[in-house]
Structures are given as structure tokens and as C-alpha cells.
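A.B. asks: Let me begin by handing over the structure; questions about it come next.
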Amino acid sequence: MPRKRLDLTFPPRQSLKPVIYHLVKDYELVPNILRAQIQAGQEGRMVLEVTGSKEDLASGIEFLESQGLQVNEAASDICLDEDLCVTCGLCTAVCKPGALALSPGDYGLVFDKDKCVYCEACVVACPRRAITLTF
Ligand code: SF4
Ligand code: SF4
């Protein structure tokens, strides 16, 4: 089943609208909120993973845009500067979903994109500032 990761920006007037409910009810999409910062009356941000047919995904995105939301594909890359990384493993310790791990063979840092929820904990934890995550 196709799946997309979306980076949603809610304008202040839409911050409390139940748009996720409509994605389920009207477009048969399965949403998974990976990250959200929503407050009444303020611009909000949400990283949302949605699963559904190609047609339903397209219709659901069209619906979100019709509600005034800005919809972008969420960036799905973490950039690691290998020259800066000293493979200390600190980032793996804070990565709760287990998206980062040290390879048992050569102790290189391994990133599993599918497990990442874009929490930025690794970016903050890295003492060498070797990780950047862009949306
Ligand atoms: S915390 Fe930074 S230096 Fe340590 S393994 Fe992770 S990326 Fe490399
Ligand atoms: S952004 Fe969060 S989930 Fe993704 S690799 Fe870093 S710590 Fe793990």
C-alpha cells in the first residue's frame, strides 16, 4: 500500500480543525502522526505519515490544501558528516525508535530511514554536530 510522509503547516485559523479525522472518514487513509506542534490560534506544524491508495492519497492531499494547509513532502534524509562523526554512539542512545545503530561489524553508524520519526533528538545529542535533519 502506498505511503507518504507529509510536512503540514497549519495557518492559525485552522489550527484546531479536525482534518486528520476527515482523512480517515472521507478518504479512507490511515494516518500516523510522527511529530506535531499545534496550539490554538497559532501556526502549527505536523509531520504525518499517511497510507492509502494512490487515488485516496491524492484526494486527501487535495482536501488538506483546500483547508488552507501548506502540504509538502517531508524530507526523509538525515545527513551525517562522516568527517565529523567519531562513532561514539551517543545518538543511538537517544534514538527511541531505533533508527540509528552502530554496525556490529565495523561500528559504523547505520540509519534506518523507515524507523525515523524526525524528533531531532540525535541532532541535539551529537557533541560533534555531525547530524543535520532538514524538512
Ligand atoms: S553522536 Fe555524533 S559523533 Fe557520535 S556516533 Fe552519533 S553522529 Fe557520530
Ligand atoms: S531524528 Fe529521532 S528518530 Fe530520527 S534518527 Fe534522529 S533520534 Fe532517531
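Identifiers for the C-alpha cells are assigned positionally: chains receive A, B, ... in sequence, residues are indexed from 1 per chain, and ligands are indexed from 1 in the order shown.
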Taking 6 positions as the minimum chain separation for residues in the same chain, which residues sit within 9 Å of range 86-92 of chain A when counting only C-alpha atoms? Answer as JSON, numbers by chain.
C.D. replies: {"A": [98, 99, 100, 101, 102, 107, 108, 109, 121, 122, 123, 124, 125, 126, 127, 128, 130]}
A.B. asks: Please, could you write that set of residues out with N, CA, C and O atoms as a compact mmCIF listing (two decimals), in the first residue's frame?
C.D. replies:
# COMPACT_ATOMS: atom_id res chain seq x y z
N GLY A 98 14.90 3.44 17.37
CA GLY A 98 15.94 2.53 16.89
C GLY A 98 16.31 2.74 15.43
O GLY A 98 16.74 1.81 14.75
N ALA A 99 16.20 3.99 14.99
CA ALA A 99 16.55 4.29 13.60
C ALA A 99 18.06 4.40 13.40
O ALA A 99 18.55 4.29 12.28
N LEU A 100 18.78 4.65 14.48
CA LEU A 100 20.23 4.76 14.40
C LEU A 100 20.86 3.62 15.20
O LEU A 100 20.42 3.32 16.31
N ALA A 101 21.87 3.03 14.65
CA ALA A 101 22.55 1.94 15.36
C ALA A 101 24.00 1.89 14.91
O ALA A 101 24.35 2.36 13.83
N LEU A 102 24.83 1.33 15.76
CA LEU A 102 26.22 1.11 15.36
C LEU A 102 26.33 -0.29 14.80
O LEU A 102 25.87 -1.25 15.42
N TYR A 107 31.37 -0.95 13.44
CA TYR A 107 30.95 0.13 14.33
C TYR A 107 30.61 1.43 13.60
O TYR A 107 30.60 2.50 14.19
N GLY A 108 30.33 1.30 12.30
CA GLY A 108 29.88 2.47 11.56
C GLY A 108 28.44 2.78 11.95
O GLY A 108 27.71 1.92 12.42
N LEU A 109 28.05 4.02 11.75
CA LEU A 109 26.69 4.44 12.10
C LEU A 109 25.74 4.07 10.96
O LEU A 109 25.98 4.39 9.80
N ALA A 121 16.21 14.32 18.21
CA ALA A 121 16.98 14.03 19.43
C ALA A 121 18.45 13.76 19.10
O ALA A 121 19.35 14.16 19.85
N CYS A 122 18.70 13.09 18.00
CA CYS A 122 20.08 12.77 17.63
C CYS A 122 20.86 14.03 17.26
O CYS A 122 22.06 14.13 17.55
N VAL A 123 20.16 14.97 16.64
CA VAL A 123 20.83 16.21 16.23
C VAL A 123 21.32 16.95 17.47
O VAL A 123 22.44 17.46 17.51
N VAL A 124 20.46 16.98 18.50
CA VAL A 124 20.81 17.68 19.75
C VAL A 124 21.89 16.91 20.50
O VAL A 124 22.80 17.51 21.09
N ALA A 125 21.81 15.58 20.47
CA ALA A 125 22.72 14.76 21.28
C ALA A 125 24.15 14.72 20.74
O ALA A 125 25.09 14.52 21.51
N CYS A 126 24.30 14.91 19.46
CA CYS A 126 25.63 14.72 18.87
C CYS A 126 26.59 15.84 19.30
O CYS A 126 26.40 17.00 18.96
N PRO A 127 27.64 15.49 20.05
CA PRO A 127 28.57 16.51 20.52
C PRO A 127 29.42 17.10 19.40
O PRO A 127 30.02 18.16 19.55
N ARG A 128 29.45 16.40 18.26
CA ARG A 128 30.28 16.86 17.15
C ARG A 128 29.48 17.62 16.09
O ARG A 128 30.02 18.03 15.08
N ALA A 130 27.47 16.45 14.01
CA ALA A 130 27.70 15.74 12.76
C ALA A 130 26.41 15.41 12.02
O ALA A 130 26.45 14.96 10.88
A.B. asks: Compile the contact shell of Pro97 in chain A as a PDB file with N, CA, C and O atoms, in the first residue's frame: residues with an atom at most 8 Å away, counting only C-alpha atoms, same-chain residues fewer than 5 positions apart removed.
C.D. replies:
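File written: selection.pdb
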ATOM      1  N   LYS A 115      12.349   3.922  10.156  1.00  0.00           N
ATOM      2  CA  LYS A 115      12.046   3.977  11.593  1.00  0.00           C
ATOM      3  C   LYS A 115      12.102   5.405  12.147  1.00  0.00           C
ATOM      4  O   LYS A 115      11.665   5.660  13.256  1.00  0.00           O
ATOM      5  N   CYS A 116      12.666   6.336  11.396  1.00  0.00           N
ATOM      6  CA  CYS A 116      12.886   7.699  11.897  1.00  0.00           C
ATOM      7  C   CYS A 116      11.562   8.457  12.015  1.00  0.00           C
ATOM      8  O   CYS A 116      10.730   8.416  11.110  1.00  0.00           O
ATOM      9  N   VAL A 117      11.366   9.123  13.168  1.00  0.00           N
ATOM     10  CA  VAL A 117      10.155   9.933  13.365  1.00  0.00           C
ATOM     11  C   VAL A 117      10.513  11.430  13.419  1.00  0.00           C
ATOM     12  O   VAL A 117       9.721  12.247  13.842  1.00  0.00           O
TER      13      VAL A 117
END
A.B. asks: Taking 5 positions as the minimum chain separation for residues in the same chain, which residues sit within 10 Å of range 45-47 of chain A when counting only C-alpha atoms? Answer as a list in words.
C.D. replies: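 Counting only C-alpha atoms, the residues come to Arg5, Leu6, Asp7, Leu8, Thr9, Phe10, Pro11, Ser15, Asn32, Ile33, Leu34, Arg35, Ala36, Gln37, Ile38, Gln39, Leu69, Gln70, Val71, Asn72, Glu73, Ala74, Ala75, Val117, Tyr118, Cys119 and Phe135 of chain A.
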A.B. asks: Based on the selection just made, write N, CA and C atoms of those residues as a PDB file, in the first residue's frame.
C.D. replies:
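Okay, this is what ended up in again19.pdb:
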ATOM      1  N   ARG A   5       5.044  10.587   3.547  1.00  0.00           N
ATOM      2  CA  ARG A   5       5.312  11.381   4.734  1.00  0.00           C
ATOM      3  C   ARG A   5       5.135  12.846   4.353  1.00  0.00           C
ATOM      4  N   LEU A   6       4.246  13.500   5.082  1.00  0.00           N
ATOM      5  CA  LEU A   6       3.901  14.875   4.733  1.00  0.00           C
ATOM      6  C   LEU A   6       4.323  15.832   5.834  1.00  0.00           C
ATOM      7  N   ASP A   7       4.767  16.977   5.428  1.00  0.00           N
ATOM      8  CA  ASP A   7       5.114  18.064   6.350  1.00  0.00           C
ATOM      9  C   ASP A   7       4.002  19.097   6.209  1.00  0.00           C
ATOM     10  N   LEU A   8       3.135  19.207   7.232  1.00  0.00           N
ATOM     11  CA  LEU A   8       1.960  20.077   7.147  1.00  0.00           C
ATOM     12  C   LEU A   8       2.177  21.344   7.961  1.00  0.00           C
ATOM     13  N   THR A   9       1.817  22.462   7.386  1.00  0.00           N
ATOM     14  CA  THR A   9       1.808  23.726   8.127  1.00  0.00           C
ATOM     15  C   THR A   9       0.360  24.199   8.216  1.00  0.00           C
ATOM     16  N   PHE A  10      -0.110  24.370   9.456  1.00  0.00           N
ATOM     17  CA  PHE A  10      -1.483  24.826   9.698  1.00  0.00           C
ATOM     18  C   PHE A  10      -1.486  26.335   9.891  1.00  0.00           C
ATOM     19  N   PRO A  11      -2.271  27.083   9.113  1.00  0.00           N
ATOM     20  CA  PRO A  11      -2.397  28.505   9.422  1.00  0.00           C
ATOM     21  C   PRO A  11      -3.139  28.675  10.747  1.00  0.00           C
ATOM     22  N   SER A  15      -5.864  25.883  13.079  1.00  0.00           N
ATOM     23  CA  SER A  15      -5.058  25.056  13.977  1.00  0.00           C
ATOM     24  C   SER A  15      -5.865  24.005  14.733  1.00  0.00           C
ATOM     25  N   ASN A  32      -0.634   8.455  10.611  1.00  0.00           N
ATOM     26  CA  ASN A  32       0.245   8.192  11.751  1.00  0.00           C
ATOM     27  C   ASN A  32       1.002   9.493  12.012  1.00  0.00           C
ATOM     28  N   ILE A  33       0.649  10.157  13.113  1.00  0.00           N
ATOM     29  CA  ILE A  33       1.285  11.446  13.410  1.00  0.00           C
ATOM     30  C   ILE A  33       2.664  11.180  14.003  1.00  0.00           C
ATOM     31  N   LEU A  34       3.690  11.626  13.294  1.00  0.00           N
ATOM     32  CA  LEU A  34       5.063  11.385  13.744  1.00  0.00           C
ATOM     33  C   LEU A  34       5.557  12.503  14.647  1.00  0.00           C
ATOM     34  N   ARG A  35       5.022  13.682  14.413  1.00  0.00           N
ATOM     35  CA  ARG A  35       5.506  14.832  15.175  1.00  0.00           C
ATOM     36  C   ARG A  35       4.499  15.951  15.005  1.00  0.00           C
ATOM     37  N   ALA A  36       4.170  16.682  16.081  1.00  0.00           N
ATOM     38  CA  ALA A  36       3.196  17.762  15.940  1.00  0.00           C
ATOM     39  C   ALA A  36       3.451  18.848  16.963  1.00  0.00           C
ATOM     40  N   GLN A  37       3.247  20.068  16.518  1.00  0.00           N
ATOM     41  CA  GLN A  37       3.310  21.216  17.418  1.00  0.00           C
ATOM     42  C   GLN A  37       2.142  22.104  17.012  1.00  0.00           C
ATOM     43  N   ILE A  38       1.030  21.928  17.714  1.00  0.00           N
ATOM     44  CA  ILE A  38      -0.210  22.619  17.354  1.00  0.00           C
ATOM     45  C   ILE A  38      -0.730  23.339  18.591  1.00  0.00           C
ATOM     46  N   GLN A  39      -1.002  24.627  18.451  1.00  0.00           N
ATOM     47  CA  GLN A  39      -1.616  25.389  19.550  1.00  0.00           C
ATOM     48  C   GLN A  39      -2.698  26.266  18.960  1.00  0.00           C
ATOM     49  N   LEU A  69      -4.130  24.381   4.428  1.00  0.00           N
ATOM     50  CA  LEU A  69      -2.864  23.870   4.948  1.00  0.00           C
ATOM     51  C   LEU A  69      -1.813  23.888   3.837  1.00  0.00           C
ATOM     52  N   GLN A  70      -0.581  24.140   4.234  1.00  0.00           N
ATOM     53  CA  GLN A  70       0.524  24.015   3.288  1.00  0.00           C
ATOM     54  C   GLN A  70       1.046  22.586   3.395  1.00  0.00           C
ATOM     55  N   VAL A  71       1.083  21.884   2.273  1.00  0.00           N
ATOM     56  CA  VAL A  71       1.459  20.465   2.296  1.00  0.00           C
ATOM     57  C   VAL A  71       2.735  20.259   1.484  1.00  0.00           C
ATOM     58  N   ASN A  72       3.754  19.743   2.145  1.00  0.00           N
ATOM     59  CA  ASN A  72       4.999  19.402   1.444  1.00  0.00           C
ATOM     60  C   ASN A  72       5.367  17.967   1.788  1.00  0.00           C
ATOM     61  N   GLU A  73       6.078  17.348   0.892  1.00  0.00           N
ATOM     62  CA  GLU A  73       6.613  16.021   1.225  1.00  0.00           C
ATOM     63  C   GLU A  73       7.663  16.231   2.318  1.00  0.00           C
ATOM     64  N   ALA A  74       7.577  15.431   3.385  1.00  0.00           N
ATOM     65  CA  ALA A  74       8.557  15.573   4.460  1.00  0.00           C
ATOM     66  C   ALA A  74       9.912  15.076   3.972  1.00  0.00           C
ATOM     67  N   ALA A  75      10.940  15.828   4.325  1.00  0.00           N
ATOM     68  CA  ALA A  75      12.283  15.367   3.990  1.00  0.00           C
ATOM     69  C   ALA A  75      12.539  14.062   4.723  1.00  0.00           C
ATOM     70  N   VAL A 117      11.366   9.123  13.168  1.00  0.00           N
ATOM     71  CA  VAL A 117      10.155   9.933  13.365  1.00  0.00           C
ATOM     72  C   VAL A 117      10.513  11.430  13.419  1.00  0.00           C
ATOM     73  N   TYR A 118      11.725  11.776  13.023  1.00  0.00           N
ATOM     74  CA  TYR A 118      12.135  13.183  12.880  1.00  0.00           C
ATOM     75  C   TYR A 118      12.027  13.972  14.189  1.00  0.00           C
ATOM     76  N   CYS A 119      12.406  13.340  15.279  1.00  0.00           N
ATOM     77  CA  CYS A 119      12.297  14.004  16.582  1.00  0.00           C
ATOM     78  C   CYS A 119      13.468  14.960  16.830  1.00  0.00           C
ATOM     79  N   PHE A 135      13.874  19.657   6.876  1.00  0.00           N
ATOM     80  CA  PHE A 135      12.487  19.461   6.426  1.00  0.00           C
ATOM     81  C   PHE A 135      12.254  20.274   5.173  1.00  0.00           C
TER      82      PHE A 135
END
A.B. asks: Using only C-alpha atoms and all ligand atoms for the distances, tell me which of A:Leu80, A:Lys17, A:Gly105, A:Tyr27 is nearest to ligand 2.
C.D. replies: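 Selected residue with least distance to ligand 2: A:Leu80.
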A.B. asks: One decimal, Å: what's the distance from CA of Leu16 in chain A over to CA of Leu29 in chain A, could you say?
C.D. replies: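 Interatomic distance here is 19.7 Å.
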A.B. asks: Can you list, as a list in words, every protein, DNA or RNA residue that comes within 12 Å of Val24 in chain A when you count only C-alpha atoms, leaving out same-chain residues fewer than 3 positions away?
C.D. replies: Pro18, Val19, Ile20, Tyr21, Tyr27, Glu28, Leu29, Val30, Pro31, Asn32, Val50, Thr51, Gly52, Asp56, Leu57, Ser59, Gly60 and Phe63 of chain A
A.B. asks: Export all heavy atoms of the chosen residues as a short mmCIF file (atom, residue, chain, number, x, y, z; two decimals), in the first residue's frame?
C.D. replies:
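So the final result, stored in out_21.cif, reads:
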data_model
loop_
_atom_site.label_atom_id
_atom_site.label_comp_id
_atom_site.auth_asym_id
_atom_site.auth_seq_id
_atom_site.Cartn_x
_atom_site.Cartn_y
_atom_site.Cartn_z
N PRO A 18 -10.45 19.51 12.68
CA PRO A 18 -10.19 18.06 12.75
C PRO A 18 -9.88 17.45 11.38
O PRO A 18 -10.55 16.52 10.93
CB PRO A 18 -11.50 17.52 13.32
CG PRO A 18 -12.53 18.46 12.82
CD PRO A 18 -11.90 19.81 12.71
N VAL A 19 -8.84 17.96 10.73
CA VAL A 19 -8.55 17.50 9.36
C VAL A 19 -8.10 16.04 9.33
O VAL A 19 -8.36 15.32 8.36
CB VAL A 19 -7.51 18.40 8.67
CG1 VAL A 19 -8.07 19.79 8.41
CG2 VAL A 19 -6.23 18.47 9.47
N ILE A 20 -7.44 15.58 10.37
CA ILE A 20 -6.96 14.20 10.37
C ILE A 20 -8.15 13.24 10.41
O ILE A 20 -8.17 12.20 9.75
CB ILE A 20 -6.01 13.95 11.58
CG1 ILE A 20 -4.88 14.98 11.59
CG2 ILE A 20 -5.45 12.53 11.54
CD1 ILE A 20 -4.06 15.05 10.34
N TYR A 21 -9.14 13.61 11.18
CA TYR A 21 -10.38 12.82 11.24
C TYR A 21 -10.98 12.66 9.83
O TYR A 21 -11.39 11.57 9.44
CB TYR A 21 -11.37 13.52 12.19
CG TYR A 21 -12.79 13.08 12.06
CD1 TYR A 21 -13.22 11.87 12.61
CD2 TYR A 21 -13.72 13.87 11.38
CE1 TYR A 21 -14.54 11.47 12.49
CE2 TYR A 21 -15.04 13.47 11.25
CZ TYR A 21 -15.45 12.27 11.81
OH TYR A 21 -16.74 11.87 11.67
N TYR A 27 -11.58 9.84 3.27
CA TYR A 27 -10.61 9.43 2.24
C TYR A 27 -9.98 8.06 2.52
O TYR A 27 -9.08 7.63 1.80
CB TYR A 27 -9.52 10.51 2.10
CG TYR A 27 -10.12 11.83 1.70
CD1 TYR A 27 -10.42 12.79 2.65
CD2 TYR A 27 -10.47 12.09 0.37
CE1 TYR A 27 -11.03 13.99 2.30
CE2 TYR A 27 -11.07 13.28 0.00
CZ TYR A 27 -11.36 14.22 0.98
OH TYR A 27 -11.96 15.40 0.62
N GLU A 28 -10.45 7.41 3.57
CA GLU A 28 -10.00 6.05 3.91
C GLU A 28 -8.49 5.93 4.03
O GLU A 28 -7.89 4.92 3.65
CB GLU A 28 -10.54 5.04 2.89
CG GLU A 28 -12.06 4.99 2.91
CD GLU A 28 -12.64 3.91 2.00
OE1 GLU A 28 -11.85 3.12 1.46
OE2 GLU A 28 -13.86 3.88 1.87
N LEU A 29 -7.87 7.00 4.52
CA LEU A 29 -6.43 6.98 4.72
C LEU A 29 -6.12 6.58 6.16
O LEU A 29 -6.92 6.82 7.07
CB LEU A 29 -5.83 8.36 4.42
CG LEU A 29 -5.95 8.80 2.95
CD1 LEU A 29 -5.52 10.24 2.80
CD2 LEU A 29 -5.13 7.89 2.05
N VAL A 30 -4.96 5.98 6.34
CA VAL A 30 -4.52 5.60 7.69
C VAL A 30 -3.41 6.56 8.09
O VAL A 30 -2.30 6.50 7.55
CB VAL A 30 -4.01 4.14 7.71
CG1 VAL A 30 -3.53 3.78 9.11
CG2 VAL A 30 -5.09 3.20 7.24
N PRO A 31 -3.70 7.50 9.01
CA PRO A 31 -2.68 8.48 9.39
C PRO A 31 -1.86 8.02 10.59
O PRO A 31 -2.36 7.32 11.46
CB PRO A 31 -3.52 9.71 9.76
CG PRO A 31 -4.82 9.17 10.22
CD PRO A 31 -5.00 7.80 9.63
N ASN A 32 -0.63 8.46 10.61
CA ASN A 32 0.24 8.19 11.75
C ASN A 32 1.00 9.49 12.01
O ASN A 32 1.85 9.90 11.21
CB ASN A 32 1.21 7.05 11.40
CG ASN A 32 2.13 6.71 12.55
OD1 ASN A 32 1.87 7.07 13.70
ND2 ASN A 32 3.22 6.03 12.25
N VAL A 50 0.93 8.98 5.98
CA VAL A 50 -0.40 8.51 5.58
C VAL A 50 -0.27 7.34 4.62
O VAL A 50 0.55 7.35 3.71
CB VAL A 50 -1.26 9.62 4.93
CG1 VAL A 50 -1.98 10.45 5.95
CG2 VAL A 50 -0.47 10.49 4.00
N THR A 51 -1.11 6.35 4.84
CA THR A 51 -1.11 5.16 4.00
C THR A 51 -2.48 5.03 3.35
O THR A 51 -3.51 5.23 4.01
CB THR A 51 -0.83 3.91 4.85
OG1 THR A 51 0.39 4.10 5.56
CG2 THR A 51 -0.70 2.66 3.97
N GLY A 52 -2.49 4.70 2.07
CA GLY A 52 -3.76 4.52 1.37
C GLY A 52 -3.49 4.33 -0.11
O GLY A 52 -2.33 4.33 -0.55
N ASP A 56 -6.62 7.82 -3.23
CA ASP A 56 -7.05 8.39 -1.94
C ASP A 56 -6.00 9.34 -1.38
O ASP A 56 -6.33 10.37 -0.78
CB ASP A 56 -7.35 7.26 -0.93
CG ASP A 56 -8.63 6.52 -1.27
OD1 ASP A 56 -9.48 7.09 -1.99
OD2 ASP A 56 -8.77 5.35 -0.83
N LEU A 57 -4.73 9.01 -1.57
CA LEU A 57 -3.67 9.90 -1.10
C LEU A 57 -3.75 11.24 -1.82
O LEU A 57 -3.67 12.31 -1.20
CB LEU A 57 -2.29 9.26 -1.34
CG LEU A 57 -1.88 8.17 -0.35
CD1 LEU A 57 -0.62 7.46 -0.83
CD2 LEU A 57 -1.64 8.74 1.04
N SER A 59 -6.38 12.57 -3.27
CA SER A 59 -7.60 13.28 -2.85
C SER A 59 -7.43 13.87 -1.46
O SER A 59 -7.88 14.98 -1.17
CB SER A 59 -8.81 12.34 -2.85
OG SER A 59 -8.98 11.78 -4.12
N GLY A 60 -6.80 13.10 -0.57
CA GLY A 60 -6.60 13.57 0.80
C GLY A 60 -5.71 14.80 0.83
O GLY A 60 -5.97 15.75 1.56
N PHE A 63 -7.62 17.70 -0.31
CA PHE A 63 -8.51 18.17 0.77
C PHE A 63 -7.73 19.05 1.75
O PHE A 63 -8.19 20.13 2.14
CB PHE A 63 -9.12 16.97 1.50
CG PHE A 63 -9.67 17.30 2.85
CD1 PHE A 63 -10.83 18.05 2.99
CD2 PHE A 63 -8.99 16.91 4.01
CE1 PHE A 63 -11.31 18.39 4.26
CE2 PHE A 63 -9.46 17.25 5.26
CZ PHE A 63 -10.63 17.99 5.39
#
A.B. asks: Could you check which of A:Cys85, A:Ala93, A:Ser53, A:Ser66 is closest to ligand 1, using only C-alpha atoms and all ligand atoms?
C.D. replies: A:Cys85
